[in-house]
Structure formats: structure tokens, C-alpha cells
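Here the structure is laid out as C-alpha cells; the discussion comes afterwards.
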Amino acid sequence: MTAVLVARLDSVGDVLLAGPAIRAVAHGRRSDGAEPNDVVVLCGPQGEPAASLLPGVTEVYSWRCPWIVKPAPPVEQEQLDALRSFITHSRITEAVLLTSFHQSPLPLALLLRLAGVGRITGVSTDYAGSLLDVRLRPGEDLAEDQPEAERALAIASAAGFPLPPGDDGRLRVTGYPDVRELVGEEPYIVVHPGASAPARAWPALHHAAAVELLEGAGHRVVVTGGPGETKLTATVAGPSAVDLGGRTDLKTLAGVLAHAEVLVTGNTGPAHLAAALGTPVACLFSPVVPAIRWAPYGVPLELLGDQAAPCRHTRATECPVPGHPCLASVGPEQLVEAVERLISGVASLSTRRKVRHP
């Protein structure tokens, strides 16, 4: 049996958003029309934990891509040879390259072609020559402003892999544990205050104040964060919220989010993980990237933050505007009101054209 490579080389959130496209490839066309395709996901080390949670994945291969990973590793022959050897000695005959609007598939396409991959699909602004068998042109064959999950599905469909009948195209994950020993049995709200870039972070004291207000309104709060965020989670949790800072890997975090009433977070991997679990999200979204592309997909959503702020679409990692007004202007009371709307079912389901902009 042959296999199809699906490449998404960046972070946890990016890989989670590729999930519907991966399912499409897994259950799409086969020359013999029989069993689902074997799907090998090529991802970076940051995205590897997410790939292992996705339905339809047969194998995950992690590779530090010199033009994607930050900080970028040097381009060395040994590193390139490792990928080429893996592809050459695999059953991979076709590749679907999933990229964002600012990324090129051509360097990877060249490596895959040299490794013997016979059919490659990707989106490229630049002329691709013989590197791509199916080339989509941004703005012509592919809409620029659409959710990233739908962009990935469009690439898979162009390769000949539409979603199977009955698949609604939403994000999904599987294989996460039961975490009741961590969070207990009573309903709770999860607050995840960390962010991969300072430009995407709501101030820690705003988070702490919001936790106090939520607890004052009778909600139980669980605060989550990575191993390097334990001081932040302790500050936000205060004396009475459950502090899980540094105690959850991605699978465990999925178990925590699966039973949460709402997740409060920024534009982060956990926001997309919550969406994959069907958990509503109150998202403190910095407009450094477009919400139409990167807001949590397919779940009830409250989008907080000034989406017309001067930092709009700059892709900045450090806030370029003194005072970080796009998010600092959101008060804890506004956040609590958004959470209450989500719990009561007032908030809208996020779609391509409709996200809430309080």
C-alpha cells in the first residue's frame, strides 16, 4: 500500500487546523477504491504533539525545517539527507503541502521531488515549474481571506481529496485521557493566560482580576500553562483557582479542555485545541494576524480585542504600539460578560464571515 504525505511544518495550532484536510486525504481517492489512505504527517517539533492527536494519521515524522522553525537551524546536508532518506525508504508517492499565505511550498517540494515523490500539490505565488503537479494561485484559485482550516481543505480538495460524506469539516482530536483527578467533577472554566508571543498576551493582572470576578460569580476556575509559565499561572490563579501550570502536556490539556464550559485564552494553540473538542472560546485576539483566518474555528466564540488597532496585520511578536492597547483596553468585566454569554448560549458559532467583535 502506498502513502500520502501531508506537510504542515509549524506550530501546534497550525497542525490542529490541518486536521480536516488530513481526514480528507485519509478517506479520499485510492487507485483501488478500497481501504483509507495511509497518511504520513510531516511536521516540526512544535507541531508533533498535535499531529499525534489527529484522526486519520498513520505516522508522524518530525523535522526541523530551516525556513519555518524559529530560531532557524542552519541548513546542513545531514539534515536534508535525513528527510530525503525517510521519504525514499517510505511508501510515500504523493504529497499535499499545507502552507499559510506567507509561506512557500517550493523548497520542500524540491526536496520531495529529489526523494522520488511523484505527485505534489501546493499553493504558490511564484512560478513552480515542475516542482508542483497541482499549483493553486493565491487570490485566483484560492481565496485569501478564509479560515486556515478551510484553506487547507481547499488544497486537499485540489489534490483530489474532498471530505468524505458525513464529515462536517470541523476540527477534531482523539486519544486524550480522563483527567478528573486533576480537575474534579464539578463544572469549571479554563483560563490559559500564556501566549507564544508578547503581542498576543493579555496582561497577567487582567487575567487575575477576571479569575476573581468569575469565582465571585460562582464559577470554578482552572488555570493552565506550560512548564515555563508556572509563575504566570500562580499569579492568575490566586489563592483559590486550580493551578495546573506546568502539569499538563498537550494530551492532558485536551482532557482538561474537553469538559470545560469555556476556555479563556489568546490566539494560541490551546484555542484551536478547544475548538477541536467543541469547547466554546472567549478569545483575547490581538489583530497582528487576521481573525478571519486564525480565530478558533467552528465553535461558539467571543472575540475580544480591538481588531482595528494600529498593530493590525503586522505579524508582530512584540507589540509595536506603546501600552498594548488592542488587548489592554479589554477590561476583566468585559471578559466575564463574554464568558457568561458563551455559557448561556448567546454567542454565535464562528464561521468564515461572522465572528463577534465587542
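Chain labels follow the order of the C-alpha cells: the first chain is A, the next B, and so on; residue numbering restarts at 1 in every chain, and ligands are counted from 1 in their shown order.
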message: I need the strand (DSSP E or B) residues of segment 154-353 of chain A per DSSP on the backbone, written as a list in words.
response: Ile189, Val190, Val191, His192, Val221, Val222, Val223, Val242, Asp243, Leu263, Val264, Thr265, Gly266, Val281, Ala282, Cys283, Leu284, Pro300, Leu301, Glu302, Leu303, Leu304 and Leu349 of chain A
- prompt: Using only C-alpha atoms, which residues sit within 12 Å of Gly122 of chain A once same-chain residues fewer than 3 positions away are excluded, as a VMD selection string?
  reply: chain A and resid 6 to 8 94 to 101 103 to 110 119 125 to 128 131 to 138 141 to 142 151 to 159
Mind dumping a table of every segment 251-296 of chain A residue within 12 Å of segment 205-208 of chain A, with the nearest atom pair and its distance in Å to one decimal, using only C-alpha atoms, sorted by chain and rising number, as a tab-separated table?
residue	atom	partner	partner_atom	distance
A:Val264	CA	A:His207	CA	9.1
A:Thr265	CA	A:His207	CA	9.4
A:Gly266	CA	A:His207	CA	11.0
A:Leu284	CA	A:His207	CA	10.5
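From atom CA of Leu232 of chain A back to atom CA of Gln46 of chain A, the distance works out to 21.2 Å.
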- prompt: Excluding same-chain residues fewer than 5 positions from Ala217 of chain A, what lies within 10 Å of it counting only C-alpha atoms, as a count of residues only?
  reply: 4
task: Would you mind reading off the distance between atom CA of Pro290 of chain A and atom CA of Val57 of chain A, one decimal, in Å?
output: 28.6 Å
Tell me, counting only C-alpha atoms, for each residue of segment 39-146 of chain A within 12 Å of segment 268-275 of chain A, which pair of atoms is nearest and how far apart they are in Å to one decimal, in rows ordered by chain and increasing number, as a tab-separated table.
residue	atom	partner	partner_atom	distance
A:Gln46	CA	A:Gly269	CA	10.3
A:Gly47	CA	A:Gly269	CA	9.6
A:Pro49	CA	A:Gly269	CA	11.1
A:Ala50	CA	A:Leu273	CA	8.5
A:Ala51	CA	A:Leu273	CA	11.5
A:Leu53	CA	A:Leu273	CA	9.9
A:Leu54	CA	A:Leu273	CA	10.6
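The smallest atom-to-atom distance between Ser62 of chain A and any of A:Val41, A:Ile87, A:Leu80, A:Val183, using only C-alpha atoms, is found for A:Val41.
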With only C-alpha atoms as the counted atoms, please give the residues lying no more than 12 Å from Glu215 of chain A, apart from itself and same-chain residues fewer than 4 positions off, as a compact mmCIF listing (two decimals) with N, CA and C atoms, in the first residue's frame.
# COMPACT_ATOMS: atom_id res chain seq x y z
N TYR A 188 -16.40 23.71 35.36
CA TYR A 188 -15.29 24.67 35.51
C TYR A 188 -15.05 25.41 34.21
N ILE A 189 -14.40 26.55 34.35
CA ILE A 189 -13.93 27.36 33.23
C ILE A 189 -12.41 27.29 33.23
N VAL A 190 -11.81 27.14 32.07
CA VAL A 190 -10.35 27.10 31.96
C VAL A 190 -9.84 28.48 31.51
N VAL A 191 -8.82 28.96 32.19
CA VAL A 191 -8.12 30.19 31.80
C VAL A 191 -6.69 29.81 31.45
N ALA A 208 -5.84 37.82 36.26
CA ALA A 208 -6.07 37.55 37.68
C ALA A 208 -7.37 38.19 38.15
N ALA A 209 -7.62 39.42 37.70
CA ALA A 209 -8.85 40.10 38.09
C ALA A 209 -10.07 39.38 37.52
N ALA A 210 -9.94 38.91 36.28
CA ALA A 210 -11.06 38.18 35.67
C ALA A 210 -11.34 36.88 36.41
N VAL A 211 -10.30 36.19 36.86
CA VAL A 211 -10.49 34.96 37.63
C VAL A 211 -11.25 35.27 38.93
N HIS A 219 -18.39 30.65 39.57
CA HIS A 219 -17.75 29.70 38.67
C HIS A 219 -16.47 29.13 39.30
N ARG A 220 -16.22 27.88 39.01
CA ARG A 220 -14.95 27.27 39.40
C ARG A 220 -13.97 27.47 38.24
N VAL A 221 -12.72 27.85 38.56
CA VAL A 221 -11.75 28.20 37.53
C VAL A 221 -10.53 27.30 37.62
N VAL A 222 -10.08 26.80 36.47
CA VAL A 222 -8.85 26.03 36.34
C VAL A 222 -7.90 26.82 35.46
N ALA A 237 -4.04 32.37 39.00
CA ALA A 237 -4.92 31.51 39.79
C ALA A 237 -5.23 32.10 41.15
N GLY A 238 -4.27 32.86 41.72
CA GLY A 238 -4.50 33.41 43.04
C GLY A 238 -4.64 32.32 44.09
N PRO A 239 -5.31 32.60 45.18
CA PRO A 239 -5.37 31.63 46.27
C PRO A 239 -6.39 30.52 46.11
N SER A 240 -7.33 30.65 45.16
CA SER A 240 -8.45 29.70 45.18
C SER A 240 -8.70 28.96 43.86
N ALA A 241 -8.23 29.46 42.74
CA ALA A 241 -8.42 28.72 41.49
C ALA A 241 -7.48 27.52 41.45
N VAL A 242 -7.82 26.51 40.66
CA VAL A 242 -6.97 25.32 40.49
C VAL A 242 -5.83 25.69 39.55
N VAL A 336 -15.60 38.68 31.53
CA VAL A 336 -16.58 37.89 32.29
C VAL A 336 -17.94 37.91 31.59
field: Neighbour list for Asp81 of chain A as a count of residues only, cut-off 12 Å, only C-alpha atoms, skip fewer than 6 positions in-chain
entry: 9
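Residue nearest Phe285 of chain A within the list A:Gly19, A:Pro71, A:Gly255, A:Pro325: A:Pro325 [criterion: smallest interatomic distance, only C-alpha atoms].
Pairwise distance (atom CA of Thr58 of chain A, atom CA of Gly298 of chain A) equals 25.0 Å.
Minimum distance to Pro164 of chain A across A:Leu244, A:Leu17, A:Ala24, A:Leu9 (counting only C-alpha atoms) occurs at A:Ala24.
Nearest residue to Glu150 of chain A, choosing from A:Asp38, A:Asp168, A:Ala234, A:Pro74 and counting only C-alpha atoms: A:Asp168.
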query: Quick one: of A:Val288, A:Ala143, A:Val281, A:Val15, who's nearest to Glu261 of chain A, counting only C-alpha atoms?
result: A:Val281
